[in-house]
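Shown next: start00.cif, given as mmCIF, C-alpha atoms and all ligand atoms.
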data_entry
loop_
_atom_site.label_atom_id
_atom_site.label_comp_id
_atom_site.auth_asym_id
_atom_site.auth_seq_id
_atom_site.Cartn_x
_atom_site.Cartn_y
_atom_site.Cartn_z
CA MET A 1 14.38 -26.64 10.65
CA LYS A 2 10.98 -24.93 10.48
CA GLU A 3 7.84 -26.57 11.89
CA ALA A 4 5.09 -27.35 9.35
CA SER A 5 2.88 -24.65 10.95
CA GLU A 6 5.62 -22.06 10.37
CA LEU A 7 6.09 -23.09 6.75
CA SER A 8 2.40 -22.54 6.01
CA LYS A 9 2.34 -19.07 7.55
CA LYS A 10 2.10 -16.05 5.30
CA ASN A 11 4.95 -13.60 5.69
CA ALA A 12 4.60 -9.82 5.66
CA LEU A 13 7.41 -7.29 5.49
CA VAL A 14 6.43 -4.11 7.33
CA THR A 15 8.67 -1.04 7.34
CA GLY A 16 8.35 1.52 10.11
CA PHE A 17 6.82 -1.06 12.45
CA SER A 18 7.93 0.56 15.72
CA SER A 19 5.08 3.06 16.05
CA GLY A 20 1.93 4.56 14.60
CA ILE A 21 0.42 3.05 11.47
CA GLY A 22 3.25 0.50 11.01
CA PHE A 23 2.87 -0.81 14.54
CA GLU A 24 -0.90 -1.06 14.16
CA TYR A 25 -0.47 -2.87 10.82
CA SER A 26 1.95 -5.33 12.40
CA LYS A 27 -0.44 -5.92 15.28
CA PHE A 28 -3.36 -6.46 12.90
CA LEU A 29 -1.41 -9.04 10.90
CA SER A 30 0.00 -10.72 14.04
CA GLU A 31 -3.50 -11.20 15.37
CA ARG A 32 -4.37 -12.96 12.11
CA GLY A 33 -1.47 -15.42 12.32
CA TRP A 34 1.04 -13.77 10.01
CA GLU A 35 4.79 -14.21 10.28
CA LEU A 36 6.41 -10.78 10.24
CA SER A 37 9.65 -9.32 8.92
CA LEU A 38 9.84 -5.97 10.65
CA VAL A 39 12.01 -2.95 9.93
CA SER A 40 12.66 0.37 11.64
CA GLN A 41 15.76 2.34 12.57
CA ASN A 42 15.82 3.20 16.29
CA LYS A 43 16.87 0.24 18.44
CA GLU A 44 15.01 1.16 21.62
CA ASN A 45 11.77 1.83 19.77
CA ALA A 46 12.15 -1.42 17.82
CA ILE A 47 12.73 -3.54 20.92
CA ALA A 48 9.76 -2.00 22.73
CA ALA A 49 7.47 -2.53 19.73
CA TYR A 50 8.76 -6.04 19.09
CA LYS A 51 8.03 -7.00 22.71
CA ALA A 52 4.59 -5.40 22.57
CA LEU A 53 3.74 -7.38 19.43
CA ASP A 54 4.70 -10.60 21.18
CA ASN A 55 4.65 -12.60 17.94
CA PRO A 56 7.02 -15.60 18.07
CA PHE A 57 6.93 -15.72 14.27
CA SER A 58 8.50 -12.32 13.79
CA ARG A 59 11.97 -10.90 13.41
CA TYR A 60 13.06 -7.30 13.35
CA HIS A 61 15.87 -5.63 11.49
CA LEU A 62 17.31 -2.16 12.04
CA ALA A 63 18.00 0.00 9.00
CA ASP A 64 17.96 3.65 8.04
CA LEU A 65 15.72 3.63 4.99
CA SER A 66 16.64 7.12 3.89
CA ASN A 67 19.48 5.64 1.82
CA TYR A 68 20.07 2.75 -0.54
CA GLU A 69 22.37 0.86 1.86
CA GLY A 70 19.55 0.71 4.41
CA VAL A 71 17.09 -0.68 1.88
CA SER A 72 19.53 -3.23 0.50
CA SER A 73 20.30 -4.42 4.04
CA ILE A 74 16.62 -5.43 4.30
CA THR A 75 16.73 -7.36 1.09
CA ASP A 76 19.88 -9.17 2.29
CA GLU A 77 18.10 -10.07 5.53
CA PHE A 78 14.59 -11.10 4.49
CA ARG A 79 13.31 -13.45 1.80
CA CYS A 80 10.55 -12.40 -0.59
CA PRO A 81 7.39 -11.83 1.51
CA ASP A 82 3.76 -12.50 0.59
CA LEU A 83 2.87 -8.92 1.52
CA ILE A 84 4.95 -5.74 1.53
CA VAL A 85 3.71 -2.85 3.65
CA ALA A 86 5.92 0.10 2.68
CA ASN A 87 5.04 2.44 5.51
CA ALA A 88 8.19 3.95 7.09
CA GLY A 89 8.27 7.70 6.87
CA ILE A 90 8.48 11.01 8.61
CA THR A 91 6.51 14.18 8.27
CA GLN A 92 8.53 17.21 7.32
CA TYR A 93 7.90 20.91 7.32
CA GLY A 94 9.88 23.97 6.43
CA ASN A 95 9.60 26.91 4.05
CA ALA A 96 10.40 26.17 0.42
CA GLY A 97 14.15 26.46 -0.06
CA SER A 98 14.96 25.91 3.61
CA LEU A 99 15.92 22.23 3.40
CA SER A 100 19.51 21.30 2.60
CA GLN A 101 20.32 19.16 -0.44
CA LYS A 102 20.93 16.17 1.87
CA GLN A 103 17.64 16.67 3.75
CA LYS A 104 15.73 16.78 0.46
CA LYS A 105 17.50 13.72 -0.95
CA ASP A 106 17.07 11.67 2.23
CA LEU A 107 13.41 12.57 2.53
CA PHE A 108 12.67 11.79 -1.09
CA TYR A 109 14.54 8.50 -0.85
CA LEU A 110 12.75 7.45 2.36
CA LEU A 111 9.28 8.30 1.09
CA CYS A 112 9.58 7.42 -2.58
CA LEU A 113 12.71 6.06 -4.25
CA GLY A 114 13.52 3.70 -1.36
CA VAL A 115 9.97 2.33 -1.51
CA ILE A 116 10.47 1.68 -5.22
CA ASP A 117 13.88 0.01 -4.62
CA LEU A 118 12.39 -2.21 -1.93
CA ILE A 119 9.41 -3.29 -4.00
CA GLU A 120 11.42 -3.79 -7.17
CA HIS A 121 13.91 -6.03 -5.41
CA TYR A 122 11.18 -8.53 -4.55
CA LEU A 123 9.03 -8.01 -7.64
CA PRO A 124 10.68 -10.57 -9.96
CA GLU A 125 10.00 -13.35 -7.44
CA MET A 126 6.42 -12.21 -6.82
CA ILE A 127 5.86 -12.14 -10.58
CA SER A 128 7.32 -15.60 -11.06
CA ARG A 129 5.06 -16.91 -8.26
CA GLN A 130 2.15 -14.90 -9.65
CA SER A 131 1.17 -14.04 -6.10
CA GLY A 132 1.80 -11.42 -3.47
CA ARG A 133 0.36 -8.11 -2.34
CA ILE A 134 1.85 -4.64 -2.07
CA VAL A 135 0.62 -1.81 0.15
CA ILE A 136 2.15 1.66 0.05
CA ILE A 137 1.31 4.21 2.75
CA SER A 138 1.31 7.56 0.98
CA SER A 139 -0.71 10.54 2.26
CA ILE A 140 -3.66 12.77 1.41
CA GLY A 141 -0.83 15.26 0.75
CA ALA A 142 -0.28 13.36 -2.51
CA ILE A 143 -3.46 14.88 -3.92
CA THR A 144 -3.69 18.24 -2.18
CA PRO A 145 -1.21 21.10 -1.77
CA MET A 146 0.71 21.14 1.53
CA PRO A 147 2.36 24.55 1.96
CA LYS A 148 5.53 24.28 4.09
CA SER A 149 5.67 20.55 3.43
CA SER A 150 6.24 20.72 -0.29
CA ILE A 151 8.99 18.08 -0.53
CA TYR A 152 6.95 15.70 1.62
CA ALA A 153 3.88 16.25 -0.59
CA ALA A 154 5.94 15.85 -3.77
CA ALA A 155 7.46 12.56 -2.61
CA LYS A 156 4.08 11.22 -1.47
CA SER A 157 2.60 12.23 -4.80
CA ALA A 158 5.39 10.51 -6.73
CA VAL A 159 5.03 7.27 -4.79
CA PHE A 160 1.25 7.44 -5.25
CA SER A 161 1.72 7.77 -8.98
CA TYR A 162 4.22 4.89 -9.02
CA GLY A 163 1.77 2.68 -7.10
CA GLN A 164 -1.12 3.51 -9.45
CA SER A 165 0.90 2.54 -12.52
CA LEU A 166 2.33 -0.55 -10.86
CA SER A 167 -1.16 -1.64 -9.87
CA LYS A 168 -2.26 -1.69 -13.52
CA GLU A 169 0.97 -3.34 -14.66
CA LEU A 170 0.75 -6.18 -12.13
CA LEU A 171 -2.94 -6.98 -12.63
CA LYS A 172 -2.10 -9.81 -15.00
CA TYR A 173 0.19 -11.40 -12.40
CA ASN A 174 -2.47 -11.40 -9.69
CA ILE A 175 -0.48 -9.00 -7.49
CA PRO A 176 -2.66 -6.19 -6.09
CA VAL A 177 -0.94 -2.89 -5.36
CA THR A 178 -2.84 -0.52 -3.06
CA VAL A 179 -1.80 3.00 -2.18
CA SER A 180 -3.31 4.35 1.02
CA LEU A 181 -3.78 8.11 1.36
CA PRO A 182 -4.42 8.88 5.03
CA GLY A 183 -5.25 12.34 6.30
CA TYR A 184 -4.43 13.35 9.88
CA VAL A 185 -3.70 10.24 11.95
CA HIS A 186 -2.91 10.16 15.68
CA THR A 187 0.70 8.85 15.73
CA ASN A 188 4.15 10.10 16.79
CA ALA A 189 4.73 11.68 13.39
CA HIS A 190 3.74 15.28 14.12
CA LYS A 191 5.54 15.45 17.45
CA ARG A 192 8.71 14.11 15.82
CA ALA A 193 8.46 16.78 13.13
CA GLY A 194 7.99 19.61 15.63
CA LEU A 195 4.38 19.98 14.50
CA ASP A 196 2.84 19.46 17.92
CA HIS A 197 0.69 22.55 17.47
CA LEU A 198 -1.37 20.69 14.86
CA ASN A 199 -2.77 18.46 17.62
CA GLN A 200 -4.63 21.56 18.88
CA LYS A 201 -5.04 23.45 15.60
CA VAL A 202 -6.51 20.69 13.45
CA PRO A 203 -10.10 20.05 14.58
CA LYS A 204 -10.86 16.72 16.27
CA TRP A 205 -13.12 15.53 13.45
CA MET A 206 -10.18 15.61 11.04
CA TRP A 207 -8.14 13.08 13.03
CA ILE A 208 -8.44 9.36 12.50
CA GLN A 209 -6.98 6.41 14.37
CA SER A 210 -4.17 4.21 13.00
CA LYS A 211 -6.44 1.20 13.55
CA LYS A 212 -8.96 2.61 11.10
CA VAL A 213 -6.25 3.32 8.52
CA VAL A 214 -5.04 -0.27 8.76
CA LYS A 215 -8.49 -1.86 8.67
CA GLU A 216 -9.60 0.11 5.61
CA THR A 217 -6.27 -0.27 3.83
CA GLU A 218 -6.21 -4.05 4.29
CA LYS A 219 -9.81 -4.30 3.16
CA ALA A 220 -9.03 -2.33 0.00
CA SER A 221 -5.90 -4.37 -0.67
CA LEU A 222 -7.73 -7.69 -0.27
CA LYS A 223 -10.36 -6.41 -2.72
CA GLY A 224 -7.59 -5.52 -5.18
CA LYS A 225 -8.28 -1.76 -5.10
CA SER A 226 -5.47 0.46 -6.34
CA LYS A 227 -6.10 3.25 -3.84
CA VAL A 228 -7.91 3.98 -0.61
CA ILE A 229 -8.60 7.12 1.40
CA PRO A 230 -9.22 5.93 4.96
CA GLY A 231 -11.92 7.57 7.06
CA ILE A 232 -15.39 8.76 6.02
CA ILE A 233 -14.51 12.42 6.52
CA TYR A 234 -11.68 12.30 3.97
CA LYS A 235 -13.81 10.38 1.50
CA LEU A 236 -16.39 13.19 1.74
CA VAL A 237 -13.81 15.98 1.52
CA LYS A 238 -11.77 14.51 -1.34
CA PRO A 239 -13.97 15.64 -4.29
CA PHE A 240 -13.68 19.25 -3.05
CA LEU A 241 -9.92 19.33 -2.52
CA GLN A 242 -9.23 20.57 -6.02
CA ILE A 243 -11.70 23.48 -5.67
CA SER A 244 -9.80 26.61 -4.68
CA LEU A 245 -12.19 27.87 -1.95
CA ALA A 246 -12.30 24.45 -0.26
CA ASN A 247 -8.56 24.21 -0.66
CA SER A 248 -7.89 27.54 0.99
CA ILE A 249 -10.15 26.58 3.95
CA TRP A 250 -8.28 23.27 4.21
CA ASN A 251 -4.93 25.04 4.17
CA ARG A 252 -6.04 27.53 6.83
CA ILE A 253 -7.15 24.73 9.16
CA THR A 254 -3.94 22.74 8.67
CA ARG A 255 -1.48 25.64 8.43
CA ARG A 256 2.07 24.82 9.49
CA LYS A 257 3.78 27.41 11.68
CA GLY A 258 6.81 29.47 10.63
N1 LIG A 301 0.37 10.49 10.99
C1 LIG A 301 -0.21 11.04 9.96
O1 LIG A 301 -1.01 11.97 10.11
C2 LIG A 301 0.07 10.52 8.57
C3 LIG A 301 -0.75 10.95 7.53
C4 LIG A 301 -0.52 10.50 6.24
C5 LIG A 301 0.51 9.63 5.99
N2 LIG A 301 1.31 9.22 7.01
C6 LIG A 301 2.41 8.31 6.68
O2 LIG A 301 2.29 7.13 7.46
C7 LIG A 301 3.57 6.52 7.57
C8 LIG A 301 3.81 6.13 9.01
O3 LIG A 301 3.90 7.29 9.80
P1 LIG A 301 3.24 7.42 11.26
O4 LIG A 301 2.28 8.52 11.20
O5 LIG A 301 2.78 6.09 11.75
O6 LIG A 301 4.51 7.96 12.08
P2 LIG A 301 5.33 7.40 13.31
O7 LIG A 301 4.46 6.97 14.42
O8 LIG A 301 6.34 8.46 13.58
O9 LIG A 301 6.06 6.10 12.72
C9 LIG A 301 7.05 6.19 11.72
C10 LIG A 301 7.74 4.84 11.57
O10 LIG A 301 8.68 4.96 10.47
C11 LIG A 301 9.98 4.62 10.94
N3 LIG A 301 11.00 5.43 10.29
C12 LIG A 301 11.05 6.78 10.19
N4 LIG A 301 12.17 7.17 9.54
C13 LIG A 301 12.85 6.01 9.24
C14 LIG A 301 14.07 5.74 8.59
N5 LIG A 301 14.85 6.72 8.11
N6 LIG A 301 14.45 4.46 8.46
C15 LIG A 301 13.69 3.44 8.95
N7 LIG A 301 12.52 3.64 9.56
C16 LIG A 301 12.10 4.91 9.72
C17 LIG A 301 9.97 4.89 12.43
O11 LIG A 301 10.98 4.10 13.03
P3 LIG A 301 11.93 4.64 14.22
O12 LIG A 301 11.07 4.64 15.44
O13 LIG A 301 13.01 3.63 14.29
O14 LIG A 301 12.39 6.01 13.80
C18 LIG A 301 8.55 4.45 12.80
O15 LIG A 301 8.50 3.06 12.95
C19 LIG A 301 4.58 7.53 7.02
O16 LIG A 301 4.96 7.17 5.72
C20 LIG A 301 3.78 8.82 7.01
O17 LIG A 301 4.25 9.73 6.05
C21 LIG A 301 1.11 9.63 8.29
#
Could you spell out this file's structure in structure tokens?
Amino acid sequence: MKEASELSKKNALVTGFSSGIGFEYSKFLSERGWELSLVSQNKENAIAAYKALDNPFSRYHLADLSNYEGVSSITDEFRCPDLIVANAGITQYGNAGSLSQKQKKDLFYLLCLGVIDLIEHYLPEMISRQSGRIVIISSIGAITPMPKSSIYAAAKSAVFSYGQSLSKELLKYNIPVTVSLPGYVHTNAHKRAGLDHLNQKVPKWMWIQSKKVVKETEKASLKGKSKVIPGIIYKLVKPFLQISLANSIWNRITRRKG
């Protein structure tokens, strides 16, 4: 039987909680008294992160979210949350045509279709309650070309577009949907993808901290904004990203090897 204090707690479902932005988001919510339903795939990473969070009102679940079975195992495990933070993801690079069919499908599912499946499982209950919040962590790659990461950029763009439409559709139910479009963030993502060289190549001023991403994303979500680009530098750069000269400078600075 749950204590009264537990029953009154808000519950957030955070995917990809074991490191980077997801860990920082979980920490931010923990510090504000949230109960957490946490998901990631690697057991060791999950245990370490779970211990570090030290939130007695949290549970973690292991699932590979690059396929439907993984996503539906979450929905079997956790009840409808008050907040969904769809964050889990990897960065990918490789020349166009170099990824196998399975790599492309898994990546697209993890970054886009799986996010949609997750959200749409809980949506009917959120709509019937007329409450809830949804946050999707996309990427600045959704709105700017990313040579050698084309599938990543395409999936991030698709999930951005989904979130923008959903945001309008759910206005009348009082359910804000916010898509966050971070630029370069200091996390494990680039190392995991074999893109370590970007830590040196991309100038310091282009990197932002996970903490900043979380703070600005939560602020935007609580204000009901449909999108947010965290970090002043990216806000300034954004209007120029569609101009070809600015775009070619951007691509030179962030060029992926190979
Ligand atoms: N870092 C950046 O510069 C940047 C920029 C823009 C957008 N983003 C986006 O931000 C999100 C978080 O990435 P991050 O930078 O914080 O990277 P990160 O530190 O590598 O964290 C990624 C998280 O996602 C989980 N994850 C990865 N693949 C998974 C899978 N198949 N199933 C379940 N969980 C999985 C990881 O869990 P395990 O430890 O269990 O693998 C980990 O908890 C991603 O969607 C990424 O695309 C990052």
Closest of A:Lys223, A:Pro145, A:Ala193, A:Ser180 to Ile249 of chain A - atom-to-atom distances counting all atoms listed in the file: A:Pro145
Site check for ligand LIG 301 (chain A): residues at most 6 Å away, all atoms listed in the file, as a ChimeraX atom specification: /A:16-22,40-42,45,63-66,87-91,137-139,182-189
From A:Lys27, A:Arg255, A:Arg79, A:Lys219, residue lying nearest Met126 of chain A [only C-alpha atoms]: A:Arg79
Separation of atom CA of Ser149 of chain A from atom CA of Asn95 of chain A in Å: 7.5 Å
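Atom pair atom CA of Ala12 of chain A / atom CA of Tyr162 of chain A has a distance of 20.8 Å (rounded to one decimal).
Among the candidates A:Gly224, A:Gly132, A:Gly114, A:Pro124, the one nearest to Ala158 of chain A when counting only C-alpha atoms is A:Gly114.
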Contacts of Tyr109 of chain A within 10 Å, all atoms listed in the file, excl. fewer than 4 positions in-chain, as a PyMOL selection string: chain A and resi 65-68+71+89+103-105+113-117+155
Now that the selection is made, can you save its residues with C-alpha atoms as a PDB file, in the frame of the given file?
ATOM      1  CA  LEU A  65      15.720   3.630   4.990  1.00  0.00           C
ATOM      2  CA  SER A  66      16.640   7.120   3.890  1.00  0.00           C
ATOM      3  CA  ASN A  67      19.480   5.640   1.820  1.00  0.00           C
ATOM      4  CA  TYR A  68      20.070   2.750  -0.540  1.00  0.00           C
ATOM      5  CA  VAL A  71      17.090  -0.680   1.880  1.00  0.00           C
ATOM      6  CA  GLY A  89       8.270   7.700   6.870  1.00  0.00           C
ATOM      7  CA  GLN A 103      17.640  16.670   3.750  1.00  0.00           C
ATOM      8  CA  LYS A 104      15.730  16.780   0.460  1.00  0.00           C
ATOM      9  CA  LYS A 105      17.500  13.720  -0.950  1.00  0.00           C
ATOM     10  CA  LEU A 113      12.710   6.060  -4.250  1.00  0.00           C
ATOM     11  CA  GLY A 114      13.520   3.700  -1.360  1.00  0.00           C
ATOM     12  CA  VAL A 115       9.970   2.330  -1.510  1.00  0.00           C
ATOM     13  CA  ILE A 116      10.470   1.680  -5.220  1.00  0.00           C
ATOM     14  CA  ASP A 117      13.880   0.010  -4.620  1.00  0.00           C
ATOM     15  CA  ALA A 155       7.460  12.560  -2.610  1.00  0.00           C
TER      16      ALA A 155
END
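Pairwise distance (atom CA of Thr15 of chain A, atom CA of Val85 of chain A) equals 6.4 Å.
Each of A:Val179, A:Cys112, A:Leu83, A:Ile134 was compared to Glu216 of chain A using only C-alpha atoms, and A:Val179 turns out to be the nearest.
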Neighbour list for Ile175 of chain A as JSON, numbers by chain, cut-off 7 Å, all atoms listed in the file, skip fewer than 5 positions in-chain: {"A": [130, 131, 132, 133, 170]}
Among listed residues A:Leu111, A:Leu195, A:Val213, A:Ala142, nearest Glu24 of chain A (using all atoms listed in the file): A:Val213
Box centre and edge lengths (Å, one decimal), axis-aligned, segment 199-202 of chain A plus 5 Å each side, as lines of an AutoDock Vina configuration file:
center_x = -4.6
center_y = 21.0
center_z = 16.2
size_x = 13.7
size_y = 15.0
size_z = 15.4
A:Asn247, A:Ser210, A:Ser98, A:Ser226 ranked by distance to Ser161 of chain A, top pick (using all atoms listed in the file): A:Ser226
10 Å contact set for Glu31 of chain A, all atoms listed in the file, chain neighbours under 6 positions out, as number ranges by chain: A: 25, 53, 55
Output file request: segment 94-108 of chain A, with N, CA and C atoms, as a PDB file, in the first residue's frame.
ATOM      1  N   GLY A  94      28.222   7.908 -40.588  1.00  0.00           N
ATOM      2  CA  GLY A  94      28.592   6.955 -41.640  1.00  0.00           C
ATOM      3  C   GLY A  94      28.168   7.534 -42.975  1.00  0.00           C
ATOM      4  N   ASN A  95      28.951   7.280 -44.002  1.00  0.00           N
ATOM      5  CA  ASN A  95      28.599   7.791 -45.334  1.00  0.00           C
ATOM      6  C   ASN A  95      27.229   7.283 -45.748  1.00  0.00           C
ATOM      7  N   ALA A  96      26.535   8.096 -46.548  1.00  0.00           N
ATOM      8  CA  ALA A  96      25.226   7.681 -47.058  1.00  0.00           C
ATOM      9  C   ALA A  96      25.390   6.336 -47.766  1.00  0.00           C
ATOM     10  N   GLY A  97      24.493   5.423 -47.479  1.00  0.00           N
ATOM     11  CA  GLY A  97      24.540   4.109 -48.122  1.00  0.00           C
ATOM     12  C   GLY A  97      25.375   3.097 -47.362  1.00  0.00           C
ATOM     13  N   SER A  98      26.050   3.533 -46.284  1.00  0.00           N
ATOM     14  CA  SER A  98      26.937   2.587 -45.598  1.00  0.00           C
ATOM     15  C   SER A  98      26.239   1.814 -44.469  1.00  0.00           C
ATOM     16  N   LEU A  99      25.060   2.272 -44.068  1.00  0.00           N
ATOM     17  CA  LEU A  99      24.373   1.559 -42.976  1.00  0.00           C
ATOM     18  C   LEU A  99      23.549   0.405 -43.552  1.00  0.00           C
ATOM     19  N   SER A 100      23.508  -0.696 -42.798  1.00  0.00           N
ATOM     20  CA  SER A 100      22.704  -1.838 -43.252  1.00  0.00           C
ATOM     21  C   SER A 100      21.225  -1.494 -43.049  1.00  0.00           C
ATOM     22  N   GLN A 101      20.362  -2.307 -43.662  1.00  0.00           N
ATOM     23  CA  GLN A 101      18.924  -2.118 -43.511  1.00  0.00           C
ATOM     24  C   GLN A 101      18.535  -2.160 -42.027  1.00  0.00           C
ATOM     25  N   LYS A 102      19.129  -3.112 -41.298  1.00  0.00           N
ATOM     26  CA  LYS A 102      18.786  -3.263 -39.874  1.00  0.00           C
ATOM     27  C   LYS A 102      19.261  -2.033 -39.073  1.00  0.00           C
ATOM     28  N   GLN A 103      20.481  -1.565 -39.372  1.00  0.00           N
ATOM     29  CA  GLN A 103      20.986  -0.380 -38.651  1.00  0.00           C
ATOM     30  C   GLN A 103      20.065   0.824 -38.874  1.00  0.00           C
ATOM     31  N   LYS A 104      19.624   0.989 -40.130  1.00  0.00           N
ATOM     32  CA  LYS A 104      18.751   2.125 -40.435  1.00  0.00           C
ATOM     33  C   LYS A 104      17.405   1.999 -39.713  1.00  0.00           C
ATOM     34  N   LYS A 105      16.853   0.772 -39.763  1.00  0.00           N
ATOM     35  CA  LYS A 105      15.534   0.557 -39.139  1.00  0.00           C
ATOM     36  C   LYS A 105      15.603   0.756 -37.631  1.00  0.00           C
ATOM     37  N   ASP A 106      16.652   0.185 -37.013  1.00  0.00           N
ATOM     38  CA  ASP A 106      16.792   0.295 -35.551  1.00  0.00           C
ATOM     39  C   ASP A 106      16.959   1.748 -35.134  1.00  0.00           C
ATOM     40  N   LEU A 107      17.796   2.461 -35.881  1.00  0.00           N
ATOM     41  CA  LEU A 107      18.060   3.861 -35.545  1.00  0.00           C
ATOM     42  C   LEU A 107      16.788   4.697 -35.677  1.00  0.00           C
ATOM     43  N   PHE A 108      16.084   4.473 -36.777  1.00  0.00           N
ATOM     44  CA  PHE A 108      14.864   5.256 -37.006  1.00  0.00           C
ATOM     45  C   PHE A 108      13.818   4.936 -35.947  1.00  0.00           C
TER      46      PHE A 108
END
